[in-house]
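Peer 1: Have a look at the structure that comes next, please.
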Amino acid sequence: MMKLENVRGILAVVGLVLIEGCAAPQPSPDLLAPTEAQMKIRSLQTRSFDLKDRQLAMRGVIAALQDLGFIIERANESLGLVTAARFAEPNFYDVVGVTVTVRSETESRMMVRANAIYNNKPIEDPKVYQNFFATLERALFVTQN
């Protein structure tokens, strides 16, 4: 049989290991520093448009998303924010979500940034963003005329 001192020693070691395992890992100091890959994807996600009216830009974003088959979940004009989602082809059980922000760049220009995810993973394919901005340009042309 084990002696009581041995059992206490084993329990003490197990306790220390459990306490050490519960310690949160320390984040690195550059955790929130932008990487080159992030800056590249940001440039793909962002376009500027010659518009003075943010409300017009928001209507264009909503129209473009609806043209692409998205269901608008939220639109907040004061924040310049639109979120939308749709089921992805060909399976229709995958989900594509998009968040679009609209903000003034200058007095006569609006900056639009789209951020898309596929099943909770960021979409980094440039063609996806090119398609969105081409559709947005057409929607803005229609809403301006």
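Going through the structure tokens in order, the chains are called A, B, and so on, while each chain numbers its residues from 1 and the ligands are numbered from 1 in the order shown.
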Please build the interface table for range 42-80 of chain A against range 85-108 of chain A with a cut-off of 8 Å, listing for each qualifying residue the nearest atom pair and the distance in Å to one decimal; count only C-alpha atoms, order rows by chain and increasing number, and write it as a tab-separated table.

Peer 2:
residue	atom	partner	partner_atom	distance
A:Ser48	CA	A:Glu105	CA	7.7
A:Asp50	CA	A:Ser108	CA	6.0
A:Leu51	CA	A:Ser108	CA	5.5
A:Lys52	CA	A:Ser108	CA	4.4
A:Arg54	CA	A:Val102	CA	7.1
A:Ala57	CA	A:Val102	CA	7.1
A:Met58	CA	A:Val102	CA	6.9
A:Val61	CA	A:Val100	CA	7.6
A:Gly69	CA	A:Arg86	CA	6.6
A:Phe70	CA	A:Arg86	CA	4.8
A:Ile71	CA	A:Ala85	CA	5.5
A:Ile72	CA	A:Ala85	CA	6.8
A:Glu73	CA	A:Ala85	CA	7.1
A:Leu79	CA	A:Thr101	CA	7.9
A:Gly80	CA	A:Val102	CA	4.7

Peer 1: Quick one: write out the picked residues with N, CA, C and O atoms as an mmCIF file, in the first residue's frame?

Peer 2:
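What ended up in result_20.cif:
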data_model
loop_
_atom_site.group_PDB
_atom_site.id
_atom_site.type_symbol
_atom_site.label_atom_id
_atom_site.label_comp_id
_atom_site.auth_asym_id
_atom_site.auth_seq_id
_atom_site.Cartn_x
_atom_site.Cartn_y
_atom_site.Cartn_z
ATOM 1 N N SER A 48 -13.102 53.290 -53.916
ATOM 2 C CA SER A 48 -13.641 54.638 -53.735
ATOM 3 C C SER A 48 -14.532 54.980 -54.910
ATOM 4 O O SER A 48 -14.262 54.578 -56.050
ATOM 5 N N ASP A 50 -16.991 58.243 -56.723
ATOM 6 C CA ASP A 50 -17.286 59.675 -56.783
ATOM 7 C C ASP A 50 -18.748 59.902 -56.415
ATOM 8 O O ASP A 50 -19.627 59.987 -57.277
ATOM 9 N N LEU A 51 -19.013 59.971 -55.135
ATOM 10 C CA LEU A 51 -20.358 60.212 -54.605
ATOM 11 C C LEU A 51 -20.254 61.141 -53.415
ATOM 12 O O LEU A 51 -19.344 61.016 -52.598
ATOM 13 N N LYS A 52 -21.209 62.055 -53.306
ATOM 14 C CA LYS A 52 -21.259 62.923 -52.135
ATOM 15 C C LYS A 52 -22.227 62.383 -51.088
ATOM 16 O O LYS A 52 -22.073 62.628 -49.911
ATOM 17 N N ARG A 54 -23.942 59.659 -48.866
ATOM 18 C CA ARG A 54 -23.749 58.323 -48.297
ATOM 19 C C ARG A 54 -25.028 57.492 -48.386
ATOM 20 O O ARG A 54 -24.977 56.287 -48.563
ATOM 21 N N ALA A 57 -25.041 55.874 -51.654
ATOM 22 C CA ALA A 57 -24.072 54.773 -51.670
ATOM 23 C C ALA A 57 -24.629 53.550 -50.936
ATOM 24 O O ALA A 57 -24.476 52.417 -51.395
ATOM 25 N N MET A 58 -25.290 53.768 -49.809
ATOM 26 C CA MET A 58 -25.889 52.667 -49.054
ATOM 27 C C MET A 58 -26.976 51.969 -49.876
ATOM 28 O O MET A 58 -27.052 50.741 -49.900
ATOM 29 N N VAL A 61 -25.256 49.799 -52.388
ATOM 30 C CA VAL A 61 -24.713 48.586 -51.772
ATOM 31 C C VAL A 61 -25.821 47.569 -51.563
ATOM 32 O O VAL A 61 -25.678 46.382 -51.901
ATOM 33 N N GLY A 69 -28.037 38.002 -54.986
ATOM 34 C CA GLY A 69 -28.770 36.936 -54.314
ATOM 35 C C GLY A 69 -28.656 36.928 -52.800
ATOM 36 O O GLY A 69 -29.031 35.952 -52.150
ATOM 37 N N PHE A 70 -28.151 37.999 -52.207
ATOM 38 C CA PHE A 70 -28.013 38.068 -50.756
ATOM 39 C C PHE A 70 -29.309 38.547 -50.116
ATOM 40 O O PHE A 70 -30.061 39.320 -50.711
ATOM 41 N N ILE A 71 -29.534 38.103 -48.906
ATOM 42 C CA ILE A 71 -30.629 38.588 -48.083
ATOM 43 C C ILE A 71 -30.020 39.580 -47.091
ATOM 44 O O ILE A 71 -29.088 39.231 -46.369
ATOM 45 N N ILE A 72 -30.557 40.780 -47.075
ATOM 46 C CA ILE A 72 -30.035 41.815 -46.186
ATOM 47 C C ILE A 72 -30.458 41.483 -44.759
ATOM 48 O O ILE A 72 -31.646 41.310 -44.483
ATOM 49 N N GLU A 73 -29.475 41.370 -43.878
ATOM 50 C CA GLU A 73 -29.762 41.085 -42.472
ATOM 51 C C GLU A 73 -29.900 42.368 -41.669
ATOM 52 O O GLU A 73 -30.808 42.504 -40.862
ATOM 53 N N LEU A 79 -24.182 54.264 -39.186
ATOM 54 C CA LEU A 79 -22.854 53.660 -39.120
ATOM 55 C C LEU A 79 -22.275 53.363 -40.503
ATOM 56 O O LEU A 79 -21.096 53.063 -40.625
ATOM 57 N N GLY A 80 -23.118 53.408 -41.532
ATOM 58 C CA GLY A 80 -22.666 53.068 -42.878
ATOM 59 C C GLY A 80 -22.360 51.589 -42.999
ATOM 60 O O GLY A 80 -21.385 51.201 -43.633
#

Peer 1: Could you pull out all residues of range 61-105 of chain A with a DSSP call of helix (DSSP H, G or I) and give them as a VMD selection string?

Peer 2: chain A and resid 61 to 67

Peer 1: Which residue is closest to Gly60 in chain A? Choose from A:Val142, A:Met39, A:Val128, A:Ala84 and count only C-alpha atoms.

Peer 2: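 The closest residue to Gly60 in chain A is A:Val142.
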
Peer 1: Report, in Å with one decimal, the straight-line distance from CA of Leu65 in chain A to CA of Asn120 in chain A.

Peer 2: 18.5 Å

Peer 1: Ranking A:Asn131, A:Thr83, A:Asn115, A:Gln66 by minimum distance to Gln45 in chain A and counting only C-alpha atoms, which one comes first?

Peer 2: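 The answer is A:Asn115, which sits nearest to Gln45 in chain A.
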
Peer 1: Excluding same-chain residues fewer than 2 positions from Thr143 in chain A, what lies within 9 Å of it counting only C-alpha atoms, as a PyMOL selection string?

Peer 2: chain A and resi 56-57+59-60+63+138-141+145
